[in-house]
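Asker: Could you have a look at this structure, given as structure tokens, before my questions?
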Amino acid sequence: MKFLTARNAGLIACDSCHLLLRKPVPRTGKHRCPRCGATLHSRIPRSLSKTWALLIAATILYIPANTLPVMSVVYLGRGEPSTILQGVMHLLAEGMWPLATIVFVASIFVPLLKLVVLSGLLISIRRASNWRTLDRTRLYRLTEFVGRWSMVDIFVIGVLTALVQFGNLASIEPGAGALSFAAVVVLTMFAAHTFDPRLLWDHAQHD
Amino acid sequence: MLRAPSHGGIDRSLALALTGFILFVLANSFPFLTLDAQGQRLDSTLVSSSLSLYAWDQPILGTLVLLTTFVFPLAELLGVIYLLLPLRLGRRPARHSAGLARFLQSTQPWGMLEIFMLAVLVAVVKLGDIAHVIPGLSLYAFAALIGTMALLSTTLDLFDYWEQLPWEQPS
């Protein structure tokens with residue numbers, strides 16, 4: 001037996017204000033929530049293709065984000081560029097391993113985790129999998145929750161470039177990798193947003 | 001997570017949003033961090049981290065930082081006040097406020113003040129061996145602001161607002 005979903009029961013909940021409505025009969029055109037005006041849809045339209053597109057773009061940008069320097073410390077005219085990983089190494093060398101761990105997890109591990117987990121979830125939906133649906137839903141919530149924290153390195157670049165401006169003596173400037181890195185964070189956040197976790201349950205069966 | 005609409009949350013959310021707004025103004029009015037290196041002193045404010053990115057010819061990054069650390073948090077604080085104040089005074093919800101409420105809901109993950117705080121910590125540690133960093137008055141207001149906004153996000157329940165919104169069953 002399948003789970004009873006709102007879709008099967010002929011009901012539709014507003015994504016925005018959670019008003020529960022009987023499904024409008026005509027299936028063409030956009031329906032708006034009579035209370036808050038949001039567009040009604042029982043599943044995000046073309047959720048899978050949108051999420052794939054964002055994920056593929058993010059995966060491509062993940063490479064320059066990690067290989068190009070995200071900032072360089074210019075001291076007496078000589079620049080010393082550093083990538084994200086080198087920034088983590090620098091914190092480790094300072095003996096700040098708790099902070100180094102946080103930055104490593106937020107900047108390197110979490111983006112990779114999001115790319116892998118979201119791709120895996122998309123494939124599982126494609127294959128109409130009913131394997132541990134609750135755990136897959138939890139995995140989705142986790143990636144959605146932690147994704148924002150990858151922005152920390154972008155803010156570090158902002159704070160450092162604003163603070164260290166001693167003219168020709170010393171300055172810190174943003175590097176070419178910074179934009180790619182920010183793009184990875186933003187694109188994966190959008191990907192998590194366009195992914196509709198309700199799709200996971202459309203193939204779920206009772207034990 | 002399932003949650004029932006919490007009545008009485010309006011007072012608390014409104015109080016937190018007003019507190020947050022005052023702290024937001026304070027956090028943006030005074031120096032945030034001061035750098036002291038061999039007698040040379042450099043002040044920075046909260047928004048200067050996005051402005052410096054514009055100055056380094058990174059307008060996209062600058063806009064991203066400005067939106068996530070200034071525009072969206074401010075919009076959330078002011079928006080909550082605009083949505084909840086009429087309800088607190090026993091009036092009908094303000095006009096055209098449904099669109100605002102939807103905007104606040106969709107932009108909520110993009111307010112990133114707490115992540116910015118972690119970044120400040122990392123930056124201070126990285127600068128530790130180069131220069132002396134002096135915390136500014138804003139930093140304390142900013143820390144209090146993050147606590148206030150965290151409390152606000154746990155007590156704020158737009159259900160209170162949605163329930164007051166008049167609507168008609170479509171025929």
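Letters A, B, ... mark the chains of the structure tokens in the order given; residue numbers begin at 1 per chain; ligand numbers begin at 1, in order shown.
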I need the chain A residues near chain B as an NGL selection string; criterion: at most 6 Å, counting only C-alpha atoms.
Answerer: :A and (35-36 or 152 or 155-156 or 158-159 or 162)
Asker: Rounded to one decimal, what separation in Å do you get between CA of Asn66 in chain A and CA of His90 in chain A?
Answerer: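 Separating CA of Asn66 in chain A from CA of His90 in chain A is a distance of 15.5 Å.
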Asker: Give me the residues near Arg7 in chain A as a PyMOL selection string, where near means some atom within 9 Å (using only C-alpha atoms) and where sequence neighbours in that chain fewer than 3 positions away do not count.
Answerer: chain A and resi 4+10-12+23+42-43
Asker: Would you write out those residues with N, CA and C atoms, as an mmCIF file, in the first residue's frame?
Answerer:
```cif
data_model
loop_
_atom_site.group_PDB
_atom_site.id
_atom_site.type_symbol
_atom_site.label_atom_id
_atom_site.label_comp_id
_atom_site.auth_asym_id
_atom_site.auth_seq_id
_atom_site.Cartn_x
_atom_site.Cartn_y
_atom_site.Cartn_z
ATOM 1 N N LEU A 4 -0.584 7.689 2.042
ATOM 2 C CA LEU A 4 -1.576 8.651 1.583
ATOM 3 C C LEU A 4 -0.890 10.007 1.505
ATOM 4 N N GLY A 10 -6.331 14.482 -3.223
ATOM 5 C CA GLY A 10 -6.980 15.591 -3.921
ATOM 6 C C GLY A 10 -6.873 16.902 -3.165
ATOM 7 N N LEU A 11 -5.834 16.999 -2.303
ATOM 8 C CA LEU A 11 -5.648 18.230 -1.545
ATOM 9 C C LEU A 11 -4.351 18.890 -1.994
ATOM 10 N N ILE A 12 -4.275 20.183 -1.754
ATOM 11 C CA ILE A 12 -3.053 20.902 -2.088
ATOM 12 C C ILE A 12 -2.793 21.909 -0.970
ATOM 13 N N LYS A 23 -7.971 20.515 -4.229
ATOM 14 C CA LYS A 23 -7.244 20.776 -5.465
ATOM 15 C C LYS A 23 -8.169 21.420 -6.490
ATOM 16 N N SER A 42 1.427 21.203 -6.250
ATOM 17 C CA SER A 42 1.589 20.130 -5.277
ATOM 18 C C SER A 42 3.017 19.585 -5.308
ATOM 19 N N ARG A 43 3.731 19.770 -6.438
ATOM 20 C CA ARG A 43 5.167 19.490 -6.510
ATOM 21 C C ARG A 43 5.792 20.652 -7.266
#
```
Asker: Residues of range 26-156 of chain A in strand (DSSP E) according to DSSP, as a short mmCIF file (atom, residue, chain, number, x, y, z; two decimals) with N, CA and C atoms, in the first residue's frame?
Answerer:
```cif
data_model
loop_
_atom_site.label_atom_id
_atom_site.label_comp_id
_atom_site.auth_asym_id
_atom_site.auth_seq_id
_atom_site.Cartn_x
_atom_site.Cartn_y
_atom_site.Cartn_z
N HIS A 31 -2.46 28.52 -10.52
CA HIS A 31 -3.43 28.78 -9.47
C HIS A 31 -2.74 29.52 -8.37
N ARG A 32 -3.45 30.48 -7.81
CA ARG A 32 -2.85 31.24 -6.73
C ARG A 32 -3.58 30.93 -5.44
N THR A 39 1.88 31.08 -5.79
CA THR A 39 1.47 30.11 -6.79
C THR A 39 1.35 28.73 -6.15
N LEU A 40 0.25 28.04 -6.46
CA LEU A 40 0.03 26.73 -5.86
C LEU A 40 0.57 25.65 -6.77
N MET A 71 42.41 34.60 -2.31
CA MET A 71 42.90 35.95 -1.95
C MET A 71 44.42 35.92 -1.93
N SER A 72 45.02 37.11 -2.02
CA SER A 72 46.46 37.14 -1.85
C SER A 72 46.87 38.25 -0.90
N VAL A 73 47.86 37.94 -0.10
CA VAL A 73 48.43 38.91 0.83
C VAL A 73 49.58 39.58 0.12
N VAL A 74 49.43 40.89 -0.15
CA VAL A 74 50.49 41.63 -0.83
C VAL A 74 51.30 42.37 0.22
N TYR A 75 52.59 42.03 0.30
CA TYR A 75 53.44 42.66 1.30
C TYR A 75 54.64 43.26 0.58
N ARG A 78 54.98 42.41 -3.08
CA ARG A 78 55.02 41.00 -3.49
C ARG A 78 53.78 40.29 -3.01
N GLY A 79 53.08 39.64 -3.94
CA GLY A 79 51.84 38.98 -3.60
C GLY A 79 52.07 37.53 -3.19
N GLU A 80 51.27 37.09 -2.23
CA GLU A 80 51.34 35.69 -1.83
C GLU A 80 49.92 35.11 -1.89
N PRO A 81 49.57 34.54 -3.07
CA PRO A 81 48.21 34.04 -3.23
C PRO A 81 47.98 32.76 -2.42
N SER A 82 46.74 32.57 -1.97
CA SER A 82 46.45 31.32 -1.25
C SER A 82 45.06 30.81 -1.63
#
```
Asker: Do a neighbour search on Phe30 in chain B at 8 Å with only C-alpha atoms, toss out local chain neighbours closer than 5 positions, and write the hits as a list in words.
Answerer: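 Contacts, with the query itself left out: Thr45, Gly136, Leu137 and Ser138 of chain B.
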